[in-house]
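To be precise, the following lines are run.cif, and they hold mmCIF, C-alpha atoms.
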```cif
data_protein
#
loop_
_atom_site.label_atom_id
_atom_site.label_comp_id
_atom_site.auth_asym_id
_atom_site.auth_seq_id
_atom_site.Cartn_x
_atom_site.Cartn_y
_atom_site.Cartn_z
CA MET A 24 0.00 0.00 0.00
CA LYS A 25 2.83 2.35 0.86
CA ILE A 26 4.45 1.64 -2.49
CA ARG A 27 1.15 2.13 -4.29
CA GLY A 28 0.59 5.40 -2.42
CA PHE A 29 4.10 6.55 -3.24
CA ILE A 30 3.57 5.78 -6.93
CA ALA A 31 0.27 7.66 -6.90
CA THR A 32 1.90 10.66 -5.24
CA LEU A 33 4.78 10.53 -7.70
CA SER A 34 2.32 10.42 -10.59
CA VAL A 35 0.53 13.51 -9.31
CA LEU A 36 3.81 15.36 -8.86
CA THR A 37 4.96 14.33 -12.33
CA LEU A 38 1.68 15.50 -13.83
CA ALA A 39 1.94 18.79 -11.95
CA ALA A 40 5.50 19.25 -13.15
CA SER A 41 4.36 18.54 -16.67
CA PHE A 42 1.69 21.24 -16.43
CA SER A 43 4.28 23.60 -14.99
CA VAL A 44 6.62 23.04 -17.93
CA GLN A 45 3.78 23.47 -20.39
CA ALA A 46 2.86 26.77 -18.76
CA GLN A 47 6.32 28.21 -19.34
CA VAL A 48 6.67 30.54 -22.32
CA LYS A 49 10.05 30.33 -24.03
CA ILE A 50 11.43 33.43 -25.73
CA GLY A 51 14.62 33.31 -27.77
CA VAL A 52 16.84 36.38 -27.86
CA ILE A 53 19.63 37.01 -30.38
CA THR A 54 21.77 40.15 -30.32
CA SER A 55 25.19 41.14 -31.62
CA ALA A 56 27.12 41.49 -28.36
CA THR A 57 30.41 41.05 -30.21
CA GLY A 58 31.63 42.06 -33.66
CA PRO A 59 31.07 45.31 -35.59
CA THR A 60 27.46 45.74 -34.38
CA ALA A 61 28.32 45.28 -30.70
CA PHE A 62 27.56 48.93 -29.94
CA VAL A 63 23.95 48.01 -30.72
CA GLY A 64 23.92 44.44 -29.42
CA ILE A 65 25.49 44.99 -26.00
CA PRO A 66 22.80 47.36 -24.67
CA GLN A 67 20.18 45.11 -26.23
CA LYS A 68 21.66 42.15 -24.36
CA ASP A 69 21.69 44.21 -21.16
CA ALA A 70 17.99 44.98 -21.59
CA VAL A 71 17.13 41.27 -21.42
CA ALA A 72 17.57 41.41 -17.63
CA MET A 73 14.70 43.92 -17.54
CA LEU A 74 12.18 41.74 -19.36
CA PRO A 75 9.24 40.27 -17.39
CA LYS A 76 10.04 36.87 -15.86
CA LYS A 77 6.43 36.16 -15.00
CA ILE A 78 3.24 37.27 -16.71
CA GLY A 79 0.19 36.48 -14.60
CA ASN A 80 0.66 32.90 -13.43
CA THR A 81 2.90 32.04 -16.37
CA THR A 82 6.68 32.05 -16.14
CA VAL A 83 8.76 33.32 -19.06
CA LYS A 84 12.17 31.84 -19.90
CA TYR A 85 14.61 33.80 -22.07
CA ILE A 86 17.21 31.86 -24.03
CA TYR A 87 19.99 34.16 -25.18
CA PHE A 88 22.62 33.90 -27.92
CA ASP A 89 25.23 36.27 -29.39
CA ASP A 90 25.47 36.07 -33.20
CA ALA A 91 28.80 37.99 -33.29
CA SER A 92 27.27 40.41 -35.86
CA ASP A 93 27.23 37.59 -38.43
CA PRO A 94 23.94 37.27 -40.42
CA THR A 95 24.70 33.61 -41.19
CA GLN A 96 25.15 32.89 -37.50
CA SER A 97 21.84 34.67 -36.80
CA VAL A 98 20.05 32.18 -39.04
CA THR A 99 21.85 29.20 -37.49
CA LEU A 100 20.95 30.32 -33.98
CA ALA A 101 17.34 31.02 -34.90
CA LYS A 102 16.99 27.50 -36.29
CA LYS A 103 18.56 26.09 -33.12
CA LEU A 104 16.13 28.02 -30.92
CA LEU A 105 13.19 26.82 -32.99
CA THR A 106 14.13 23.15 -33.29
CA GLU A 107 15.91 22.45 -30.00
CA ASP A 108 14.44 24.95 -27.56
CA LYS A 109 10.97 25.10 -29.12
CA ILE A 110 10.66 28.85 -28.55
CA ASP A 111 7.30 30.62 -28.75
CA ALA A 112 8.77 33.89 -30.05
CA LEU A 113 12.09 35.54 -30.91
CA ILE A 114 13.42 38.96 -29.91
CA GLY A 115 16.18 40.06 -32.28
CA PRO A 116 18.54 39.95 -34.01
CA SER A 117 20.34 43.31 -33.76
CA GLY A 118 21.35 44.32 -37.29
CA SER A 119 19.03 44.96 -40.21
CA PRO A 120 20.84 42.45 -42.51
CA ASN A 121 20.69 39.86 -39.72
CA ALA A 122 16.98 40.43 -39.20
CA MET A 123 16.23 40.17 -42.92
CA GLY A 124 18.03 36.83 -43.04
CA VAL A 125 16.14 35.40 -40.07
CA LEU A 126 12.77 36.64 -41.29
CA GLN A 127 12.14 33.73 -43.66
CA VAL A 128 13.15 31.14 -41.06
CA MET A 129 10.68 32.54 -38.53
CA ALA A 130 7.91 32.76 -41.11
CA GLU A 131 8.41 29.15 -42.17
CA ALA A 132 8.25 28.11 -38.51
CA GLN A 133 5.17 30.32 -38.04
CA THR A 134 6.71 31.85 -34.92
CA PRO A 135 6.50 35.57 -34.04
CA MET A 136 9.66 37.66 -34.34
CA LEU A 137 10.07 41.01 -32.59
CA ALA A 138 12.83 42.83 -34.46
CA PRO A 139 14.61 45.75 -32.69
CA VAL A 140 16.04 47.15 -35.93
CA GLY A 141 15.98 50.38 -37.91
CA THR A 142 15.04 49.24 -41.38
CA SER A 143 11.36 49.17 -42.31
CA ALA A 144 12.07 46.38 -44.80
CA VAL A 145 11.43 43.77 -42.10
CA VAL A 146 7.73 44.69 -42.11
CA LEU A 147 7.21 46.51 -45.42
CA PRO A 148 5.84 45.82 -47.90
CA MET A 149 3.62 43.52 -45.87
CA ASP A 150 3.33 39.95 -47.18
CA ALA A 151 2.75 36.43 -45.88
CA LYS A 152 6.27 36.16 -44.46
CA LYS A 153 6.34 39.55 -42.78
CA ARG A 154 3.03 38.85 -41.06
CA TRP A 155 5.15 37.05 -38.44
CA VAL A 156 7.48 40.01 -37.84
CA PHE A 157 6.91 43.01 -35.57
CA LYS A 158 9.31 45.96 -35.59
CA THR A 159 10.07 47.31 -32.11
CA GLN A 160 11.74 50.54 -33.19
CA PRO A 161 9.66 53.45 -34.60
CA GLN A 162 9.15 53.49 -38.34
CA ASP A 163 11.33 55.89 -40.32
CA GLU A 164 8.16 57.67 -41.45
CA VAL A 165 7.41 58.75 -37.87
CA ILE A 166 10.88 60.24 -37.39
CA SER A 167 10.93 61.68 -40.93
CA ALA A 168 7.69 63.56 -40.31
CA GLY A 169 9.32 65.20 -37.30
CA LEU A 170 12.36 66.19 -39.36
CA VAL A 171 10.21 67.65 -42.13
CA ALA A 172 8.18 69.66 -39.62
CA ALA A 173 11.34 71.01 -37.95
CA MET A 174 12.83 72.01 -41.32
CA VAL A 175 9.67 73.72 -42.53
CA LYS A 176 9.42 75.66 -39.29
CA ARG A 177 13.00 76.88 -39.76
CA GLY A 178 12.50 77.97 -43.35
CA VAL A 179 14.50 75.24 -45.10
CA LYS A 180 13.93 75.15 -48.86
CA THR A 181 16.86 73.06 -50.16
CA ILE A 182 18.43 69.97 -48.59
CA GLY A 183 21.61 67.99 -49.07
CA PHE A 184 21.38 64.32 -48.07
CA ILE A 185 24.22 62.08 -46.91
CA GLY A 186 23.56 58.59 -45.56
CA ARG A 187 25.13 55.23 -44.93
CA ASN A 188 25.51 53.05 -48.02
CA ASP A 189 23.38 50.28 -46.52
CA PRO A 190 19.68 49.50 -45.99
CA TYR A 191 19.47 52.10 -43.22
CA GLY A 192 20.79 55.01 -45.27
CA GLN A 193 19.14 53.94 -48.51
CA GLY A 194 15.83 53.40 -46.77
CA TRP A 195 16.04 56.84 -45.25
CA TYR A 196 16.56 58.52 -48.61
CA LYS A 197 13.54 56.73 -50.05
CA THR A 198 11.42 57.65 -47.04
CA PHE A 199 12.49 61.25 -46.52
CA THR A 200 12.68 62.52 -50.12
CA PRO A 201 9.00 62.31 -51.07
CA MET A 202 7.94 63.69 -47.66
CA ALA A 203 10.30 66.66 -48.02
CA GLU A 204 9.20 67.33 -51.60
CA LYS A 205 5.55 67.21 -50.60
CA ALA A 206 6.32 69.89 -48.01
CA GLY A 207 7.81 72.14 -50.71
CA MET A 208 11.50 71.39 -50.16
CA LYS A 209 13.98 70.12 -52.75
CA ILE A 210 16.82 67.60 -52.44
CA VAL A 211 19.76 69.21 -54.26
CA ALA A 212 22.46 66.62 -53.43
CA ASN A 213 22.54 62.95 -52.50
CA GLU A 214 25.76 61.42 -51.14
CA SER A 215 26.60 58.19 -49.32
CA TYR A 216 29.40 56.73 -47.21
CA ASN A 217 30.37 53.40 -45.66
CA SER A 218 30.08 52.94 -41.92
CA ARG A 219 33.82 52.25 -41.60
CA ASP A 220 34.99 55.19 -43.72
CA THR A 221 37.50 57.53 -42.10
CA SER A 222 36.83 60.45 -44.43
CA VAL A 223 33.89 61.89 -46.37
CA THR A 224 35.79 64.88 -47.77
CA GLY A 225 34.68 64.28 -51.35
CA GLN A 226 31.04 63.91 -50.37
CA VAL A 227 31.12 67.03 -48.19
CA LEU A 228 32.61 69.10 -51.03
CA LYS A 229 29.79 68.01 -53.34
CA LEU A 230 27.21 68.84 -50.68
CA MET A 231 28.67 72.31 -50.18
CA GLU A 232 28.84 72.95 -53.93
CA ALA A 233 25.06 72.43 -54.02
CA LYS A 234 24.64 75.15 -51.35
CA PRO A 235 21.71 73.56 -49.49
CA ASP A 236 19.95 75.40 -46.67
CA ALA A 237 20.30 72.25 -44.58
CA VAL A 238 21.95 68.84 -44.65
CA LEU A 239 20.36 65.63 -43.38
CA VAL A 240 22.72 62.92 -42.11
CA ALA A 241 21.33 59.38 -42.03
CA GLY A 242 23.97 57.59 -40.00
CA VAL A 243 24.20 55.48 -36.87
CA ALA A 244 25.98 56.37 -33.63
CA ALA A 245 29.68 57.17 -34.04
CA ASP A 246 29.75 56.96 -37.85
CA ALA A 247 27.11 59.72 -38.08
CA ALA A 248 29.62 62.07 -36.45
CA LEU A 249 31.97 61.88 -39.45
CA PRO A 250 29.83 63.96 -41.88
CA GLN A 251 28.92 66.30 -39.01
CA ILE A 252 32.57 66.96 -38.15
CA GLN A 253 33.73 67.43 -41.74
CA LEU A 254 30.82 69.70 -42.65
CA VAL A 255 31.59 71.95 -39.68
CA ASN A 256 35.34 71.89 -40.31
CA SER A 257 34.75 72.73 -43.99
CA GLY A 258 32.88 75.88 -42.99
CA TYR A 259 29.33 74.80 -43.78
CA LYS A 260 27.02 77.39 -42.18
CA GLY A 261 23.64 75.76 -42.80
CA GLN A 262 21.63 73.64 -40.39
CA ILE A 263 22.67 70.02 -39.93
CA TYR A 264 19.91 67.55 -39.09
CA HIS A 265 20.17 63.90 -38.07
CA THR A 266 17.91 60.88 -37.90
CA HIS A 267 17.35 58.99 -34.64
CA GLY A 268 20.35 56.81 -35.50
CA SER A 269 22.51 59.67 -34.21
CA ALA A 270 20.67 59.89 -30.89
CA THR A 271 23.46 58.19 -28.95
CA SER A 272 26.21 59.11 -26.52
CA ASP A 273 28.79 57.86 -29.06
CA PHE A 274 27.69 60.54 -31.51
CA ILE A 275 28.34 63.23 -28.88
CA LYS A 276 31.60 61.64 -27.77
CA ILE A 277 33.06 61.35 -31.27
CA GLY A 278 31.55 64.57 -32.58
CA GLY A 279 32.92 66.66 -29.72
CA LYS A 280 32.60 70.43 -30.18
CA GLN A 281 31.63 69.98 -33.81
CA ALA A 282 28.48 68.15 -32.71
CA GLU A 283 27.24 71.17 -30.76
CA GLY A 284 24.08 72.58 -32.29
CA ALA A 285 23.22 69.52 -34.40
CA LEU A 286 19.47 68.94 -34.61
CA VAL A 287 18.33 65.36 -34.05
CA VAL A 288 14.81 63.97 -34.16
CA GLY A 289 14.87 61.03 -31.80
CA PRO A 290 13.25 59.32 -28.83
CA MET A 291 12.04 61.27 -25.84
CA LEU A 292 13.63 58.62 -23.61
CA LEU A 293 16.94 60.46 -24.02
CA VAL A 294 15.52 63.40 -22.06
CA PRO A 295 12.40 62.18 -20.21
CA GLU A 296 13.11 64.49 -17.28
CA GLN A 297 12.82 67.47 -19.65
CA ALA A 298 9.50 66.35 -21.14
CA SER A 299 6.11 67.66 -20.01
CA ASP A 300 4.11 65.48 -17.63
CA SER A 301 1.34 65.54 -20.25
CA VAL A 302 3.42 63.35 -22.60
CA PRO A 303 1.70 59.93 -22.36
CA THR A 304 4.92 57.91 -22.61
CA LYS A 305 6.96 59.91 -20.09
CA LYS A 306 6.18 57.57 -17.19
CA VAL A 307 7.24 54.44 -19.10
CA ALA A 308 10.37 56.11 -20.48
CA LEU A 309 11.40 57.35 -17.02
CA LYS A 310 10.95 53.87 -15.54
CA PHE A 311 13.07 52.34 -18.29
CA VAL A 312 15.84 54.93 -17.87
CA THR A 313 15.79 54.67 -14.07
CA ASP A 314 15.77 50.86 -13.93
CA TYR A 315 18.52 50.55 -16.55
CA ALA A 316 20.70 53.07 -14.70
CA ARG A 317 20.15 51.19 -11.45
CA LEU A 318 21.38 47.98 -13.07
CA TYR A 319 24.24 49.32 -15.17
CA GLY A 320 25.16 52.72 -13.76
CA ALA A 321 24.45 54.54 -17.02
CA ARG A 322 21.54 55.78 -19.12
CA PRO A 323 20.32 53.28 -21.70
CA PRO A 324 21.36 53.72 -25.34
CA ILE A 325 18.32 53.95 -27.61
CA PHE A 326 19.11 50.51 -29.04
CA ALA A 327 18.18 48.91 -25.70
CA ALA A 328 14.68 50.35 -26.00
CA GLY A 329 13.82 47.99 -28.87
CA VAL A 330 14.30 44.95 -26.62
CA TYR A 331 12.63 46.60 -23.62
CA ASP A 332 9.57 47.53 -25.68
CA ALA A 333 9.46 44.02 -27.14
CA GLY A 334 9.04 42.84 -23.56
CA LEU A 335 6.15 45.25 -23.03
CA LEU A 336 4.47 44.00 -26.19
CA LEU A 337 4.82 40.38 -25.09
CA GLN A 338 3.58 41.21 -21.60
CA HIS A 339 0.46 42.60 -23.23
CA ALA A 340 -0.04 39.82 -25.80
CA ILE A 341 0.84 36.63 -23.89
CA PRO A 342 -2.24 36.63 -21.59
CA VAL A 343 -4.46 36.98 -24.67
CA ALA A 344 -2.71 34.13 -26.47
CA LEU A 345 -2.91 31.84 -23.43
CA LYS A 346 -6.68 31.81 -23.79
CA LYS A 347 -6.34 30.08 -27.15
CA GLY A 348 -3.41 27.72 -26.73
CA LYS A 349 -0.69 26.33 -24.50
CA PRO A 350 2.92 27.51 -24.74
CA GLY A 351 4.99 25.27 -26.98
CA THR A 352 2.13 24.67 -29.43
CA GLN A 353 1.40 26.12 -32.83
CA ALA A 354 -1.98 27.23 -31.56
CA PHE A 355 -0.25 29.42 -28.97
CA ARG A 356 2.30 30.85 -31.41
CA THR A 357 -0.44 31.75 -33.89
CA ALA A 358 -2.56 33.28 -31.13
CA LEU A 359 0.47 35.24 -29.93
CA ARG A 360 1.03 36.61 -33.44
CA ASP A 361 -2.63 37.61 -33.64
CA ALA A 362 -2.54 39.24 -30.19
CA LEU A 363 0.53 41.28 -31.12
CA GLU A 364 -1.19 42.44 -34.29
CA GLU A 365 -4.23 43.53 -32.27
CA THR A 366 -2.19 45.70 -29.87
CA LYS A 367 -3.94 49.04 -29.28
CA ASP A 368 -2.82 52.18 -27.43
CA LEU A 369 0.01 50.45 -25.57
CA PRO A 370 2.43 52.90 -23.87
CA THR A 371 6.08 51.96 -24.46
CA SER A 372 9.36 53.76 -23.91
CA GLN A 373 9.37 54.99 -27.52
CA GLY A 374 5.73 55.91 -28.04
CA ILE A 375 2.17 54.62 -28.03
CA VAL A 376 1.85 51.45 -30.12
CA THR A 377 -1.21 50.42 -32.12
CA MET A 378 -0.67 47.53 -34.53
CA THR A 379 -2.79 46.69 -37.57
CA PRO A 380 -2.54 43.99 -40.27
CA GLN A 381 -0.79 46.58 -42.45
CA ASP A 382 1.35 48.21 -39.73
CA HIS A 383 3.59 45.94 -37.66
CA ALA A 384 5.50 48.78 -35.99
CA GLY A 385 2.61 50.95 -34.91
CA PHE A 386 4.52 53.66 -33.04
CA ASP A 387 2.89 57.08 -32.94
CA ALA A 388 4.69 60.40 -32.58
CA SER A 389 4.25 60.75 -28.80
CA GLY A 390 7.76 59.44 -28.09
CA ARG A 391 9.41 61.61 -30.75
CA VAL A 392 11.13 64.91 -29.92
CA LEU A 393 13.51 67.41 -31.47
CA LEU A 394 16.88 67.44 -29.71
CA THR A 395 20.06 69.41 -29.91
CA ILE A 396 23.44 69.18 -28.22
CA LYS A 397 24.66 71.84 -25.82
CA ASP A 398 27.74 71.57 -23.62
CA GLY A 399 28.05 67.89 -24.54
CA LYS A 400 24.53 66.98 -23.40
CA TRP A 401 21.18 66.34 -25.04
CA LEU A 402 18.76 69.25 -24.78
CA LEU A 403 15.07 69.14 -25.64
CA VAL A 404 14.13 71.77 -28.25
CA LYS A 405 10.71 73.03 -27.20
CA ASP A 406 9.89 75.45 -30.01
#
```

structure tokens encoding of this file:
Amino acid sequence: MKIRGFIATLSVLTLAASFSVQAQVKIGVITSATGPTAFVGIPQKDAVAMLPKKIGNTTVKYIYFDDASDPTQSVTLAKKLLTEDKIDALIGPSGSPNAMGVLQVMAEAQTPMLAPVGTSAVVLPMDAKKRWVFKTQPQDEVISAGLVAAMVKRGVKTIGFIGRNDPYGQGWYKTFTPMAEKAGMKIVANESYNSRDTSVTGQVLKLMEAKPDAVLVAGVAADAALPQIQLVNSGYKGQIYHTHGSATSDFIKIGGKQAEGALVVGPMLLVPEQASDSVPTKKVALKFVTDYARLYGARPPIFAAGVYDAGLLLQHAIPVALKKGKPGTQAFRTALRDALEETKDLPTSQGIVTMTPQDHAGFDASGRVLLTIKDGKWLLVKD
């Protein structure tokens, strides 16, 4: 009888353990913590510690890998997470080329992917594959609208463009040009550079020959400082604008005195203390900045926000998906995809998010501000 009772008890415990395992949501995370894209991947990796470990009564397990900035490795790791770890969703990878490579793998596995990348190509144009991808950085169109508004307000009529010779820079030219032209401005020069270039002298000379009222730099972090520095050193007197890719401490550090006065449209989370209490995302942004600083002793780079906001999206969507399927099943993964797509008015660190079948980024303009640099620090431009 004792043996029979022990076996019965063991069976109950085993069954309970089985339910416990089934209730656990598994999220894969891939970032580029080493290699050329490490300046993006390291803060993204750091943000993983801030993701919710429990949502309601359901535990969430994060399985992390570093792809060393290698798109091929990103694909290999994604397949490993899908086949061996049976993940329910993926956050990452860091770089736009890496994300584009993983996209097809995730679509074939019918598993949601939350991509903290700059390029809109991961979700546009929308098709059957991209239905499984959700971009957790604001669309370029949102930032571009802010740039156009700032330029119009300051009387800009002609613009010189210089951007990275990659999907980020090329995408920005395609996004910004028609919006600027619709607002009555004209692009009079279009130049490009590689992220590892040490000089853009030739490009700057061509920009200055065109005599634009303003120049827009579409770069990322430290490399965006190169055109800024050489334009200033060459005596350019017009206004120099930047995309949100420049909204980093590295841009200020490398740009030095030449970065002073640059105008950047970027996330409010760089200066949440300076924002009005009426801004709907201020509370979330302040919490993110405060919690990150408590963990790492520094303010979070904007790249970390893509992973942090992915966590907020999952925290919102997982309870909805649990009503339609158990973690580890296709029913749950499909329900999770649907729940993410049905996100409405969700406050995140970078804006209010409302997804639709056509829009898998969904950020509004509430987290977008115009910034400048004064005395080596970000300053909110309020006019």

When you look at Lys68 of chain A with a cut-off of 9 Å (counting all atoms listed in the file), what residues show up, excluding the ones that are within fewer than 6 positions of it in the same chain? I need them as a ChimeraX atom specification. /A:52-56,87,89,327,330

Tell me which of A:Thr395, A:Gln226, A:Thr159, A:Ser143 sits closest to Gly329 of chain A, counting only C-alpha atoms. A:Thr159

Within 12 Å of segment 91-106 of chain A: each segment 134-223 of chain A residue with its shortest pair, only C-alpha atoms, as CSV:
```
residue,atom,partner,partner_atom,distance
A:Thr134,CA,A:Leu105,CA,8.4
A:Pro135,CA,A:Leu105,CA,11.1
A:Met136,CA,A:Ala101,CA,10.2
```

Hits of the PyMOL selection byres ((chain A and resi 165) around 8) in this structure, as a list in words: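 That expression, the PyMOL selection byres ((chain A and resi 165) around 8), corresponds here to Pro161, Gln162, Asp163, Glu164, Ile166, Ser167, Ala168, Gly169, Phe386, Asp387, Ala388 and Arg391 of chain A.
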
With distances taken over all atoms listed in the file, which of A:Met378, A:Ile182, A:Ala244, A:Ala321 is nearest to Tyr264 of chain A?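 Going through A:Met378, A:Ile182, A:Ala244, A:Ala321 one by one, the smallest distance to Tyr264 of chain A is for A:Ile182.
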
Can you list, as a PyMOL selection string, every protein, DNA or RNA residue that comes within 7 Å of segment 349-363 of chain A when you count all atoms listed in the file, leaving out same-chain residues fewer than 2 positions away? chain A and resi 45-48+109-111+134-135+155+336+340-341+343-345+347+365-366

Just how far from atom CA of Thr181 of chain A is atom CA of Ser257 of chain A, in Å to one decimal?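 Straight-line distance from atom CA of Ser257 of chain A to atom CA of Thr181 of chain A works out to 18.9 Å.
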
Could you tell me, as a ChimeraX atom specification, exactly which residues end up selected when the PyMOL selection byres ((chain A and resi 273) around 12) is applied to this structure? /A:62-63,242-249,268-272,274-279,282,324-325,399-400

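Using only C-alpha atoms, every residue with an atom at most 8 Å from the point (1.6, 49.3, -28.7) is listed here: Leu336, Thr366, Lys367, Asp368, Leu369, Pro370, Thr371, Gly374, Ile375, Val376, Thr377, Met378, Gly385 and Phe386 of chain A.
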
Residue subset to file, keeping C-alpha atoms, as a PDB file, in the coordinates of the input:
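Here's the written file selection.pdb:
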```pdb
ATOM      1  CA  LEU A 336       4.470  44.000 -26.190  1.00  0.00           C
ATOM      2  CA  THR A 366      -2.190  45.700 -29.870  1.00  0.00           C
ATOM      3  CA  LYS A 367      -3.940  49.040 -29.280  1.00  0.00           C
ATOM      4  CA  ASP A 368      -2.820  52.180 -27.430  1.00  0.00           C
ATOM      5  CA  LEU A 369       0.010  50.450 -25.570  1.00  0.00           C
ATOM      6  CA  PRO A 370       2.430  52.900 -23.870  1.00  0.00           C
ATOM      7  CA  THR A 371       6.080  51.960 -24.460  1.00  0.00           C
ATOM      8  CA  GLY A 374       5.730  55.910 -28.040  1.00  0.00           C
ATOM      9  CA  ILE A 375       2.170  54.620 -28.030  1.00  0.00           C
ATOM     10  CA  VAL A 376       1.850  51.450 -30.120  1.00  0.00           C
ATOM     11  CA  THR A 377      -1.210  50.420 -32.120  1.00  0.00           C
ATOM     12  CA  MET A 378      -0.670  47.530 -34.530  1.00  0.00           C
ATOM     13  CA  GLY A 385       2.610  50.950 -34.910  1.00  0.00           C
ATOM     14  CA  PHE A 386       4.520  53.660 -33.040  1.00  0.00           C
TER      15      PHE A 386
END
```

Closest to Asn121 of chain A among A:Pro190, A:Glu107, A:Thr224, A:Glu204, using all atoms listed in the file?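 Answer, going by the shortest atom-to-atom distance: A:Pro190.
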
With a distance cut-off of 9 Å and all atoms listed in the file, select the neighbouring residues of Val227 of chain A, excluding the residue or stretch itself and same-chain residues fewer than 4 positions from it, and output the selection as a VMD selection string. chain A and resid 185 214 223 231 to 232 250 253 to 254 257
